[in-house]
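S.K.: Input target.json, format and content: JSON, C-alpha atoms.
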```
[["chain", "number", "residue", "atom", "x", "y", "z"],
["A", 41, "MET", "CA", -5.56, 50.78, -29.34],
["A", 42, "LYS", "CA", -2.52, 49.97, -27.21],
["A", 43, "GLN", "CA", -4.72, 49.72, -24.08],
["A", 44, "PHE", "CA", -7.18, 47.47, -25.93],
["A", 45, "PHE", "CA", -4.32, 45.20, -27.04],
["A", 46, "LEU", "CA", -2.94, 44.91, -23.49],
["A", 47, "ALA", "CA", -6.41, 44.28, -22.09],
["A", 48, "SER", "CA", -6.95, 41.51, -24.66],
["A", 49, "ILE", "CA", -3.68, 39.82, -23.67],
["A", 50, "LEU", "CA", -4.60, 40.05, -19.98],
["A", 51, "ALA", "CA", -8.08, 38.64, -20.59],
["A", 52, "GLY", "CA", -6.60, 35.78, -22.59],
["A", 53, "ALA", "CA", -4.10, 35.00, -19.84],
["A", 54, "LEU", "CA", -6.85, 34.94, -17.21],
["A", 55, "ALA", "CA", -8.89, 32.58, -19.38],
["A", 56, "LEU", "CA", -6.09, 29.99, -19.52],
["A", 57, "PRO", "CA", -6.39, 27.02, -17.15],
["A", 58, "ALA", "CA", -4.11, 27.01, -14.10],
["A", 59, "VAL", "CA", -0.77, 25.39, -14.81],
["A", 60, "ALA", "CA", -0.77, 21.86, -13.40],
["A", 61, "ALA", "CA", 1.86, 21.26, -10.74],
["A", 62, "ASP", "CA", 4.73, 18.88, -11.42],
["A", 63, "TYR", "CA", 5.14, 16.14, -8.83],
["A", 64, "THR", "CA", 7.83, 13.72, -7.73],
["A", 65, "ILE", "CA", 6.49, 10.68, -5.87],
["A", 66, "ILE", "CA", 8.70, 8.60, -3.59],
["A", 67, "ALA", "CA", 7.85, 4.88, -3.67],
["A", 68, "PRO", "CA", 9.69, 3.75, -0.51],
["A", 69, "ALA", "CA", 10.29, 0.18, -1.74],
["A", 70, "ASN", "CA", 11.82, -1.73, -4.63],
["A", 71, "PRO", "CA", 10.05, -1.88, -8.03],
["A", 72, "GLY", "CA", 7.26, -4.43, -8.36],
["A", 73, "GLY", "CA", 5.59, -4.13, -4.97],
["A", 74, "GLY", "CA", 2.35, -2.49, -3.90],
["A", 75, "TRP", "CA", 3.79, 0.95, -3.17],
["A", 76, "ASP", "CA", 5.64, 1.01, -6.46],
["A", 77, "GLN", "CA", 2.49, -0.04, -8.32],
["A", 78, "THR", "CA", 0.47, 2.60, -6.47],
["A", 79, "ALA", "CA", 2.98, 5.38, -7.21],
["A", 80, "ARG", "CA", 3.21, 4.48, -10.89],
["A", 81, "SER", "CA", -0.58, 4.22, -11.18],
["A", 82, "ILE", "CA", -0.89, 7.71, -9.67],
["A", 83, "GLN", "CA", 1.77, 8.92, -12.12],
["A", 84, "THR", "CA", -0.10, 7.52, -15.13],
["A", 85, "VAL", "CA", -3.56, 8.74, -14.11],
["A", 86, "MET", "CA", -2.42, 12.21, -13.04],
["A", 87, "GLN", "CA", -0.78, 12.75, -16.41],
["A", 88, "GLU", "CA", -3.58, 11.21, -18.49],
["A", 89, "GLU", "CA", -6.26, 13.17, -16.62],
["A", 90, "GLY", "CA", -4.32, 16.44, -16.96],
["A", 91, "ILE", "CA", -3.97, 16.87, -13.19],
["A", 92, "SER", "CA", -0.21, 17.16, -13.62],
["A", 93, "SER", "CA", 1.79, 17.45, -16.81],
["A", 94, "ASN", "CA", 4.90, 15.81, -15.35],
["A", 95, "VAL", "CA", 5.03, 13.18, -12.59],
["A", 96, "GLN", "CA", 8.22, 11.32, -11.71],
["A", 97, "VAL", "CA", 8.54, 8.24, -9.47],
["A", 98, "GLN", "CA", 11.65, 7.48, -7.43],
["A", 99, "ASN", "CA", 12.25, 4.21, -5.57],
["A", 100, "VAL", "CA", 13.92, 4.51, -2.16],
["A", 101, "PRO", "CA", 13.70, 0.99, -0.67],
["A", 102, "GLY", "CA", 14.47, -0.36, 2.76],
["A", 103, "ALA", "CA", 13.19, -1.03, 6.29],
["A", 104, "GLY", "CA", 9.49, -1.12, 5.48],
["A", 105, "GLY", "CA", 9.52, 2.31, 3.91],
["A", 106, "THR", "CA", 11.17, 4.05, 6.86],
["A", 107, "ILE", "CA", 14.37, 4.82, 4.92],
["A", 108, "GLY", "CA", 12.39, 6.53, 2.18],
["A", 109, "LEU", "CA", 10.25, 8.27, 4.80],
["A", 110, "ALA", "CA", 13.30, 9.64, 6.63],
["A", 111, "GLN", "CA", 14.87, 10.85, 3.38],
["A", 112, "PHE", "CA", 11.61, 12.44, 2.27],
["A", 113, "ALA", "CA", 11.05, 14.23, 5.60],
["A", 114, "SER", "CA", 14.59, 15.64, 5.72],
["A", 115, "GLN", "CA", 14.99, 16.65, 2.06],
["A", 116, "SER", "CA", 11.51, 17.84, 1.03],
["A", 117, "LYS", "CA", 10.51, 20.32, 3.74],
["A", 118, "GLY", "CA", 8.25, 23.01, 2.29],
["A", 119, "ASN", "CA", 8.26, 21.42, -1.18],
["A", 120, "ALA", "CA", 4.65, 21.21, -2.37],
["A", 121, "ASN", "CA", 5.69, 19.18, -5.41],
["A", 122, "ALA", "CA", 7.01, 16.25, -3.36],
["A", 123, "LEU", "CA", 4.79, 13.29, -2.43],
["A", 124, "ILE", "CA", 5.34, 9.88, -0.81],
["A", 125, "VAL", "CA", 3.25, 6.72, -0.88],
["A", 126, "GLY", "CA", 2.80, 4.87, 2.40],
["A", 127, "GLY", "CA", 0.23, 2.94, 4.41],
["A", 128, "TYR", "CA", -0.41, 0.12, 6.83],
["A", 129, "VAL", "CA", 2.99, -1.49, 6.19],
["A", 130, "MET", "CA", 4.78, 1.74, 7.01],
["A", 131, "VAL", "CA", 2.83, 2.14, 10.26],
["A", 132, "GLY", "CA", 4.03, -1.30, 11.38],
["A", 133, "ALA", "CA", 7.60, -0.73, 10.19],
["A", 134, "ILE", "CA", 7.88, 2.55, 12.10],
["A", 135, "LEU", "CA", 6.98, 0.66, 15.28],
["A", 136, "THR", "CA", 9.10, -2.46, 14.72],
["A", 137, "ASN", "CA", 12.14, -0.51, 13.54],
["A", 138, "LYS", "CA", 11.72, 2.10, 16.30],
["A", 139, "SER", "CA", 12.05, 4.71, 13.58],
["A", 140, "PRO", "CA", 12.84, 8.22, 14.85],
["A", 141, "VAL", "CA", 10.92, 9.60, 11.85],
["A", 142, "THR", "CA", 7.17, 8.90, 11.88],
["A", 143, "LEU", "CA", 4.10, 9.96, 9.93],
["A", 144, "LYS", "CA", 3.93, 12.99, 12.25],
["A", 145, "ASP", "CA", 6.99, 14.26, 10.39],
["A", 146, "VAL", "CA", 5.16, 14.50, 7.03],
["A", 147, "THR", "CA", 1.77, 15.81, 5.89],
["A", 148, "PRO", "CA", -0.69, 12.94, 5.35],
["A", 149, "ILE", "CA", -3.12, 13.90, 2.58],
["A", 150, "ALA", "CA", -5.46, 10.96, 1.93],
["A", 151, "ARG", "CA", -6.01, 7.24, 2.14],
["A", 152, "LEU", "CA", -6.49, 6.00, -1.40],
["A", 153, "THR", "CA", -6.81, 2.23, -1.64],
["A", 154, "GLY", "CA", -7.39, -0.95, 0.27],
["A", 155, "GLU", "CA", -6.29, -4.42, -0.72],
["A", 156, "TYR", "CA", -6.87, -7.78, 0.89],
["A", 157, "GLU", "CA", -4.10, -10.27, 1.47],
["A", 158, "ALA", "CA", -3.73, -13.32, -0.77],
["A", 159, "ILE", "CA", -2.01, -16.52, 0.31],
["A", 160, "VAL", "CA", -0.34, -18.49, -2.45],
["A", 161, "VAL", "CA", 1.89, -21.54, -2.94],
["A", 162, "PRO", "CA", 3.84, -22.71, -5.99],
["A", 163, "ALA", "CA", 1.70, -24.70, -8.42],
["A", 164, "ALA", "CA", 3.69, -27.88, -7.67],
["A", 165, "SER", "CA", 3.21, -27.56, -3.89],
["A", 166, "PRO", "CA", 1.62, -30.54, -2.11],
["A", 167, "LEU", "CA", -0.49, -28.01, -0.16],
["A", 168, "LYS", "CA", -3.79, -27.82, -2.02],
["A", 169, "THR", "CA", -5.92, -25.84, 0.45],
["A", 170, "MET", "CA", -5.63, -23.33, 3.27],
["A", 171, "GLY", "CA", -6.50, -26.21, 5.59],
["A", 172, "ASP", "CA", -3.42, -28.09, 4.40],
["A", 173, "LEU", "CA", -1.23, -25.06, 5.09],
["A", 174, "VAL", "CA", -2.70, -24.56, 8.58],
["A", 175, "GLU", "CA", -2.20, -28.26, 9.34],
["A", 176, "ALA", "CA", 1.48, -28.01, 8.37],
["A", 177, "LEU", "CA", 1.80, -24.85, 10.49],
["A", 178, "LYS", "CA", 0.34, -26.59, 13.53],
["A", 179, "LYS", "CA", 2.61, -29.60, 13.05],
["A", 180, "ASP", "CA", 5.86, -27.59, 12.86],
["A", 181, "PRO", "CA", 5.61, -23.78, 12.70],
["A", 182, "GLY", "CA", 9.29, -23.34, 11.87],
["A", 183, "ALA", "CA", 9.14, -25.72, 8.91],
["A", 184, "VAL", "CA", 6.56, -23.52, 7.16],
["A", 185, "SER", "CA", 8.35, -20.53, 5.63],
["A", 186, "TRP", "CA", 6.41, -17.47, 4.49],
["A", 187, "ALA", "CA", 7.62, -14.90, 1.95],
["A", 188, "GLY", "CA", 6.13, -11.46, 2.37],
["A", 189, "GLY", "CA", 6.84, -7.77, 2.66],
["A", 190, "SER", "CA", 8.74, -5.92, 5.35],
["A", 191, "ALA", "CA", 8.91, -7.06, 8.97],
["A", 192, "GLY", "CA", 5.97, -5.70, 10.93],
["A", 193, "GLY", "CA", 3.98, -4.91, 7.80],
["A", 194, "THR", "CA", 0.54, -6.12, 6.75],
["A", 195, "ASP", "CA", 1.83, -9.47, 5.45],
["A", 196, "HIS", "CA", 3.72, -10.19, 8.67],
["A", 197, "ILE", "CA", 0.77, -9.13, 10.82],
["A", 198, "ALA", "CA", -1.58, -11.36, 8.80],
["A", 199, "VAL", "CA", 0.67, -14.42, 9.22],
["A", 200, "GLY", "CA", 0.89, -13.71, 12.97],
["A", 201, "LEU", "CA", -2.89, -13.48, 13.23],
["A", 202, "ILE", "CA", -3.30, -16.71, 11.22],
["A", 203, "ALA", "CA", -0.90, -18.49, 13.58],
["A", 204, "LYS", "CA", -2.66, -17.12, 16.65],
["A", 205, "ALA", "CA", -6.10, -18.10, 15.33],
["A", 206, "ALA", "CA", -4.76, -21.60, 14.63],
["A", 207, "GLY", "CA", -3.46, -21.95, 18.18],
["A", 208, "VAL", "CA", 0.19, -21.61, 17.14],
["A", 209, "ASP", "CA", 2.64, -19.34, 19.00],
["A", 210, "PRO", "CA", 3.01, -16.34, 16.62],
["A", 211, "THR", "CA", 6.59, -15.79, 17.78],
["A", 212, "LYS", "CA", 7.56, -19.16, 16.25],
["A", 213, "ILE", "CA", 6.50, -18.40, 12.69],
["A", 214, "ASN", "CA", 9.21, -18.55, 10.03],
["A", 215, "TYR", "CA", 8.58, -15.27, 8.23],
["A", 216, "ILE", "CA", 11.05, -14.07, 5.58],
["A", 217, "ALA", "CA", 10.77, -10.36, 4.86],
["A", 218, "PHE", "CA", 11.47, -8.87, 1.43],
["A", 219, "SER", "CA", 11.62, -5.15, 0.69],
["A", 220, "GLY", "CA", 10.03, -5.50, -2.76],
["A", 221, "GLY", "CA", 7.26, -7.61, -4.26],
["A", 222, "GLY", "CA", 9.51, -8.74, -7.10],
["A", 223, "GLU", "CA", 12.00, -10.38, -4.74],
["A", 224, "ALA", "CA", 9.30, -12.13, -2.74],
["A", 225, "LEU", "CA", 7.66, -13.39, -5.93],
["A", 226, "ALA", "CA", 10.97, -14.80, -7.18],
["A", 227, "ALA", "CA", 11.43, -16.68, -3.89],
["A", 228, "ILE", "CA", 7.93, -18.19, -4.12],
["A", 229, "LEU", "CA", 8.24, -19.17, -7.79],
["A", 230, "GLY", "CA", 11.71, -20.60, -7.07],
["A", 231, "ASN", "CA", 10.26, -22.90, -4.39],
["A", 232, "GLN", "CA", 12.53, -21.29, -1.80],
["A", 233, "VAL", "CA", 9.62, -20.86, 0.62],
["A", 234, "THR", "CA", 6.49, -22.80, 1.56],
["A", 235, "ALA", "CA", 4.01, -20.01, 0.89],
["A", 236, "GLY", "CA", 3.74, -16.36, -0.06],
["A", 237, "ILE", "CA", 1.52, -13.60, 1.25],
["A", 238, "SER", "CA", 0.82, -10.17, -0.24],
["A", 239, "GLY", "CA", -1.88, -8.14, -1.93],
["A", 240, "TYR", "CA", -3.73, -10.11, -4.60],
["A", 241, "GLY", "CA", -2.62, -7.69, -7.32],
["A", 242, "GLU", "CA", 1.01, -8.73, -6.87],
["A", 243, "PHE", "CA", 0.16, -12.39, -7.60],
["A", 244, "GLU", "CA", -2.69, -12.04, -10.09],
["A", 245, "ALA", "CA", -0.69, -12.65, -13.29],
["A", 246, "GLN", "CA", 0.97, -15.79, -11.88],
["A", 247, "VAL", "CA", -2.31, -17.11, -10.43],
["A", 248, "LYS", "CA", -4.03, -16.67, -13.80],
["A", 249, "SER", "CA", -1.13, -18.28, -15.66],
["A", 250, "GLY", "CA", -1.20, -21.27, -13.31],
["A", 251, "THR", "CA", 2.31, -20.92, -11.85],
["A", 252, "LEU", "CA", 0.90, -20.07, -8.41],
["A", 253, "ARG", "CA", -2.04, -21.62, -6.54],
["A", 254, "LEU", "CA", -4.26, -19.18, -4.63],
["A", 255, "LEU", "CA", -5.29, -20.75, -1.31],
["A", 256, "ALA", "CA", -7.25, -17.96, 0.38],
["A", 257, "VAL", "CA", -7.90, -14.23, 0.67],
["A", 258, "SER", "CA", -8.16, -12.20, 3.88],
["A", 259, "SER", "CA", -11.50, -10.51, 3.18],
["A", 260, "ALA", "CA", -14.63, -11.05, 5.27],
["A", 261, "GLU", "CA", -16.50, -12.32, 2.20],
["A", 262, "ARG", "CA", -15.44, -13.78, -1.14],
["A", 263, "LEU", "CA", -14.17, -11.18, -3.59],
["A", 264, "GLU", "CA", -15.89, -10.69, -6.92],
["A", 265, "GLY", "CA", -13.80, -11.99, -9.79],
["A", 266, "ILE", "CA", -11.34, -13.88, -7.56],
["A", 267, "ASP", "CA", -11.79, -17.63, -7.32],
["A", 268, "ALA", "CA", -10.66, -18.29, -3.75],
["A", 269, "PRO", "CA", -12.22, -18.92, -0.34],
["A", 270, "THR", "CA", -11.67, -16.55, 2.57],
["A", 271, "ILE", "CA", -9.43, -17.42, 5.52],
["A", 272, "LYS", "CA", -12.62, -17.31, 7.62],
["A", 273, "GLU", "CA", -14.12, -20.07, 5.49],
["A", 274, "GLY", "CA", -11.16, -22.21, 6.55],
["A", 275, "GLY", "CA", -12.22, -21.81, 10.17],
["A", 276, "LEU", "CA", -9.83, -19.02, 11.22],
["A", 277, "ASP", "CA", -11.36, -15.70, 12.29],
["A", 278, "VAL", "CA", -8.87, -13.49, 10.45],
["A", 279, "VAL", "CA", -9.75, -10.47, 8.29],
["A", 280, "VAL", "CA", -6.95, -8.11, 7.21],
["A", 281, "GLU", "CA", -7.06, -5.23, 4.75],
["A", 282, "ASN", "CA", -3.91, -3.42, 3.69],
["A", 283, "TRP", "CA", -4.46, 0.26, 2.96],
["A", 284, "ARG", "CA", -2.30, 2.75, 1.12],
["A", 285, "MET", "CA", -2.09, 6.51, 1.45],
["A", 286, "ILE", "CA", -0.31, 9.48, -0.01],
["A", 287, "ALA", "CA", 1.44, 12.15, 2.01],
["A", 288, "ALA", "CA", 3.01, 15.50, 1.19],
["A", 289, "ALA", "CA", 6.16, 17.08, 2.57],
["A", 290, "PRO", "CA", 6.40, 18.63, 6.03],
["A", 291, "GLY", "CA", 6.30, 22.38, 6.51],
["A", 292, "LEU", "CA", 3.68, 23.23, 3.88],
["A", 293, "SER", "CA", 1.54, 26.36, 4.15],
["A", 294, "ASP", "CA", -2.24, 25.94, 4.41],
["A", 295, "GLU", "CA", -2.50, 27.08, 0.77],
["A", 296, "GLN", "CA", 0.07, 24.54, -0.42],
["A", 297, "LYS", "CA", -1.63, 21.71, 1.48],
["A", 298, "ALA", "CA", -5.02, 22.71, 0.05],
["A", 299, "ALA", "CA", -3.62, 22.70, -3.50],
["A", 300, "VAL", "CA", -2.09, 19.24, -3.10],
["A", 301, "SER", "CA", -5.27, 17.93, -1.46],
["A", 302, "ALA", "CA", -7.35, 19.28, -4.35],
["A", 303, "ASP", "CA", -5.15, 17.49, -6.90],
["A", 304, "ILE", "CA", -5.37, 14.20, -4.97],
["A", 305, "GLU", "CA", -9.15, 14.56, -4.74],
["A", 306, "LYS", "CA", -9.28, 15.06, -8.52],
["A", 307, "LEU", "CA", -7.18, 11.91, -8.89],
["A", 308, "ALA", "CA", -9.37, 9.84, -6.57],
["A", 309, "LYS", "CA", -12.59, 10.88, -8.31],
["A", 310, "SER", "CA", -11.30, 10.60, -11.88],
["A", 311, "ALA", "CA", -12.55, 7.96, -14.30],
["A", 312, "GLY", "CA", -8.97, 6.89, -14.93],
["A", 313, "TRP", "CA", -8.37, 6.16, -11.25],
["A", 314, "GLN", "CA", -11.63, 4.26, -10.86],
["A", 315, "GLU", "CA", -10.65, 2.12, -13.84],
["A", 316, "THR", "CA", -7.20, 1.51, -12.29],
["A", 317, "LEU", "CA", -8.80, 0.34, -9.04],
["A", 318, "LYS", "CA", -10.92, -2.12, -10.99],
["A", 319, "THR", "CA", -7.97, -3.40, -13.03],
["A", 320, "LYS", "CA", -5.71, -3.81, -10.00],
["A", 321, "GLY", "CA", -8.35, -5.32, -7.75],
["A", 322, "TRP", "CA", -7.93, -2.49, -5.22],
["A", 323, "GLN", "CA", -10.79, -1.27, -3.03],
["A", 324, "ASP", "CA", -11.67, 2.43, -3.15],
["A", 325, "THR", "CA", -11.03, 3.60, 0.43],
["A", 326, "TYR", "CA", -10.56, 7.32, -0.30],
["A", 327, "LEU", "CA", -10.61, 9.33, 2.91],
["A", 328, "ALA", "CA", -9.14, 12.80, 3.36],
["A", 329, "GLY", "CA", -9.01, 15.79, 5.69],
["A", 330, "ASP", "CA", -9.79, 15.57, 9.40],
["A", 331, "ALA", "CA", -11.60, 12.24, 8.92],
["A", 332, "PHE", "CA", -8.40, 10.67, 7.57],
["A", 333, "ALA", "CA", -6.29, 12.21, 10.36],
["A", 334, "GLU", "CA", -8.61, 10.68, 12.97],
["A", 335, "GLN", "CA", -8.64, 7.27, 11.27],
["A", 336, "LEU", "CA", -4.85, 7.30, 10.91],
["A", 337, "ALA", "CA", -4.41, 7.90, 14.66],
["A", 338, "LYS", "CA", -6.75, 4.95, 15.37],
["A", 339, "ASP", "CA", -4.90, 2.71, 12.91],
["A", 340, "ILE", "CA", -1.52, 3.53, 14.46],
["A", 341, "SER", "CA", -2.86, 2.68, 17.93],
["A", 342, "SER", "CA", -4.53, -0.59, 16.86],
["A", 343, "THR", "CA", -1.43, -1.66, 14.88],
["A", 344, "GLU", "CA", 0.75, -1.19, 17.94],
["A", 345, "THR", "CA", -1.63, -3.39, 19.93],
["A", 346, "VAL", "CA", -1.55, -6.15, 17.28],
["A", 347, "LEU", "CA", 2.25, -6.05, 16.97],
["A", 348, "LYS", "CA", 2.64, -6.38, 20.75],
["A", 349, "ASP", "CA", 0.11, -9.20, 20.75],
["A", 350, "ILE", "CA", 2.10, -11.25, 18.23],
["A", 351, "GLY", "CA", 5.46, -10.42, 19.76],
["A", 352, "LEU", "CA", 6.88, -8.04, 17.15],
["A", 353, "VAL", "CA", 6.93, -5.00, 19.43],
["A", 354, "GLN", "CA", 7.77, -5.03, 23.13]]
```
Using structure tokens, write down the structure that the file contains.

M.R.:
Amino acid sequence: MKQFFLASILAGALALPAVAADYTIIAPANPGGGWDQTARSIQTVMQEEGISSNVQVQNVPGAGGTIGLAQFASQSKGNANALIVGGYVMVGAILTNKSPVTLKDVTPIARLTGEYEAIVVPAASPLKTMGDLVEALKKDPGAVSWAGGSAGGTDHIAVGLIAKAAGVDPTKINYIAFSGGGEALAAILGNQVTAGISGYGEFEAQVKSGTLRLLAVSSAERLEGIDAPTIKEGGLDVVVENWRMIAAAPGLSDEQKAAVSADIEKLAKSAGWQETLKTKGWQDTYLAGDAFAEQLAKDISSTETVLKDIGLVQ
């Protein structure tokens, strides 16, 4: 009877689902921006889908994510419960800040989302179209101030490419970098800058409420559900897509990396995540494994070329 009782307990234990791992996600920017939104969306979906019972988000802002990256790499070695959000902006910031810590010092897991850039002006701005903004830029590049994310990030690169396509020296643009979307938004709404540039999701509420005017988006074709022309329609051959990824700590075993990768795959394929992408206006660019590693190496190389081209990296 005793053996039967023990066997029953063992069978019951084996039948239980595996305990979901707890995670802490570093959002290497201030609250309100794209990385913060991404981290908190992952937090919500992972918990609601039962992928993890407890997910915490910590903001570590500064220097285009490189401060958070350096802290993460030094403090999380071998910790399979630690994650960090990053992406195109971080790739540029590593180069422009000459960061000693790079994405080689962490364990990239997957690319998750893509988002096109949106160019906005305050509702009271005399600039009604992208053509008006380009005209002002051509007339006096320094007089047109742009609020965006970190120096060398997607926003900065997009403005440099716009200037170049318009025949303006990209090194003369007046770009004001903010480490969080909330700060940049406040500057735009406060009429402290001429225009703002970021992912559409960061401006959507203000565009819909009428406090910001959306001039253009950086996609190749018009985006469904967004009433704005593309930059290309304005005569400038510029297409830019920001992408965001998630990485794990350095020094993980193959088993630890596989477990984290499996959880992120569950996240990416879950109904909750697909609904989040739709709500946020993010593109599903999920890519993992060797394919992501290869694409990341290409993106780092092409970003370096662009940054040199517009004078942000020597």

S.K.: Within 8 Å of stretch 97-100 of chain A, counting all atoms listed in the file, which residues show up once you throw out same-chain ones fewer than 5 positions away? Write them as a list of chain:residue names, please.

M.R.: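 Contacts, in chain order: A:Thr64, A:Ile65, A:Ile66, A:Ala67, A:Pro68, A:Ala69, A:Asn70, A:Pro71, A:Asp76, A:Ala79, A:Arg80, A:Gln83, A:Gly105, A:Ile107, A:Gly108.
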
S.K.: Can you tell me how far atom CA of A:Leu252 sits from atom CA of A:Ala268, in Å to one decimal?

M.R.: 12.6 Å

S.K.: Considering all atoms listed in the file, give me a table of residues in stretch 222-280 of chain A that are at most 12 Å from stretch 202-207 of chain A, with the closest atom pair and distance in Å for each, as JSON lines.

M.R.:
```
{"residue": "A:Ile237", "atom": "CA", "partner": "A:Ile202", "partner_atom": "CA", "distance": 11.5}
{"residue": "A:Ala256", "atom": "CA", "partner": "A:Ile202", "partner_atom": "CA", "distance": 11.6}
{"residue": "A:Val257", "atom": "CA", "partner": "A:Ile202", "partner_atom": "CA", "distance": 11.8}
{"residue": "A:Ser258", "atom": "CA", "partner": "A:Ile202", "partner_atom": "CA", "distance": 9.9}
{"residue": "A:Ile271", "atom": "CA", "partner": "A:Ile202", "partner_atom": "CA", "distance": 8.4}
{"residue": "A:Lys272", "atom": "CA", "partner": "A:Ile202", "partner_atom": "CA", "distance": 10.0}
{"residue": "A:Gly274", "atom": "CA", "partner": "A:Ala206", "partner_atom": "CA", "distance": 10.3}
{"residue": "A:Gly275", "atom": "CA", "partner": "A:Ala206", "partner_atom": "CA", "distance": 8.7}
{"residue": "A:Leu276", "atom": "CA", "partner": "A:Ala205", "partner_atom": "CA", "distance": 5.6}
{"residue": "A:Asp277", "atom": "CA", "partner": "A:Ala205", "partner_atom": "CA", "distance": 6.5}
{"residue": "A:Val278", "atom": "CA", "partner": "A:Ile202", "partner_atom": "CA", "distance": 6.5}
{"residue": "A:Val279", "atom": "CA", "partner": "A:Ile202", "partner_atom": "CA", "distance": 9.4}
{"residue": "A:Val280", "atom": "CA", "partner": "A:Ile202", "partner_atom": "CA", "distance": 10.2}
```

S.K.: Near stretch 173-183 of chain A, counting only C-alpha atoms, which residues have an atom at most 7 Å away, once you skip same-chain residues fewer than 6 positions from it, shown as an MDAnalysis selection string?

M.R.: chainID A and resid 167 208 212:214

S.K.: Quick one, how far is atom CA of A:Ala158 from atom CA of A:Pro269?

M.R.: 10.2 Å

S.K.: Using all atoms listed in the file, find the one residue out of A:Asp209, A:Glu334, A:Gly236, A:Glu281 that sits nearest to A:Asp349.

M.R.: A:Asp209

S.K.: Tell me, as a list in words, which residues lie within 8 Å of A:Lys320, counting only C-alpha atoms; anything in the same chain fewer than 3 positions away does not count.

M.R.: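 Residues near the query, excluding close chain neighbours: Gly241, Thr316 and Leu317 of chain A.
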
S.K.: Taking (7.1, 21.2, 5.0) as a centre in this file's frame and 12 Å as the limit, can you find every polymer residue with an atom that close, using only C-alpha atoms, and give them as a short mmCIF file (atom, residue, chain, number, x, y, z; two decimals) with C-alpha atoms, in the coordinates of the input?

M.R.:
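Final file, point06.cif:
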```
data_model
loop_
_atom_site.label_atom_id
_atom_site.label_comp_id
_atom_site.auth_asym_id
_atom_site.auth_seq_id
_atom_site.Cartn_x
_atom_site.Cartn_y
_atom_site.Cartn_z
CA PHE A 112 11.61 12.44 2.27
CA ALA A 113 11.05 14.23 5.60
CA SER A 114 14.59 15.64 5.72
CA GLN A 115 14.99 16.65 2.06
CA SER A 116 11.51 17.84 1.03
CA LYS A 117 10.51 20.32 3.74
CA GLY A 118 8.25 23.01 2.29
CA ASN A 119 8.26 21.42 -1.18
CA ALA A 120 4.65 21.21 -2.37
CA ASN A 121 5.69 19.18 -5.41
CA ALA A 122 7.01 16.25 -3.36
CA LEU A 123 4.79 13.29 -2.43
CA LYS A 144 3.93 12.99 12.25
CA ASP A 145 6.99 14.26 10.39
CA VAL A 146 5.16 14.50 7.03
CA THR A 147 1.77 15.81 5.89
CA PRO A 148 -0.69 12.94 5.35
CA ALA A 287 1.44 12.15 2.01
CA ALA A 288 3.01 15.50 1.19
CA ALA A 289 6.16 17.08 2.57
CA PRO A 290 6.40 18.63 6.03
CA GLY A 291 6.30 22.38 6.51
CA LEU A 292 3.68 23.23 3.88
CA SER A 293 1.54 26.36 4.15
CA ASP A 294 -2.24 25.94 4.41
CA GLN A 296 0.07 24.54 -0.42
CA LYS A 297 -1.63 21.71 1.48
#
```

S.K.: Taking all atoms listed in the file into account, which of A:Gly312, A:Ser219, A:Pro162, A:Thr194 comes nearest A:Pro101?

M.R.: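 Smallest separation from A:Pro101 among the options: A:Ser219.
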
S.K.: At a cut-off of 10 Å around the point (13.8, 1.0, 12.4) (file coordinates), what residues fall inside when counting all atoms listed in the file? I'd like the answer as a ChimeraX atom specification.

M.R.: /A:102-107,133-141

S.K.: Given all atoms listed in the file as the basis, pick out the residue of A:Ile266, A:Val125, A:Val131, A:Ile91 nearest to A:Leu254.

M.R.: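 Residue with the minimum atom-to-atom distance to A:Leu254: A:Ile266.
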
S.K.: For atom CA of A:Arg284 and atom CA of A:Trp322, determine how far apart the two atoms are, in Å to one decimal place.

M.R.: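 So the answer is 10.0 Å.
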
S.K.: Can you tell me which residues surround A:Thr325 at a distance of at most 6 Å, considering only C-alpha atoms, apart from same-chain residues fewer than 6 positions away, and format the answer as a list in words?

M.R.: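 In the requested form, the answer reads Leu152, Thr153 and Gly154 of chain A.
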
S.K.: Would you mind exporting C-alpha atoms of the selected residues as an mmCIF file, in the coordinates of the input?

M.R.:
```cif
data_model
loop_
_atom_site.group_PDB
_atom_site.id
_atom_site.type_symbol
_atom_site.label_atom_id
_atom_site.label_comp_id
_atom_site.auth_asym_id
_atom_site.auth_seq_id
_atom_site.Cartn_x
_atom_site.Cartn_y
_atom_site.Cartn_z
ATOM 1 C CA LEU A 152 -6.490 6.000 -1.400
ATOM 2 C CA THR A 153 -6.810 2.230 -1.640
ATOM 3 C CA GLY A 154 -7.390 -0.950 0.270
#
```
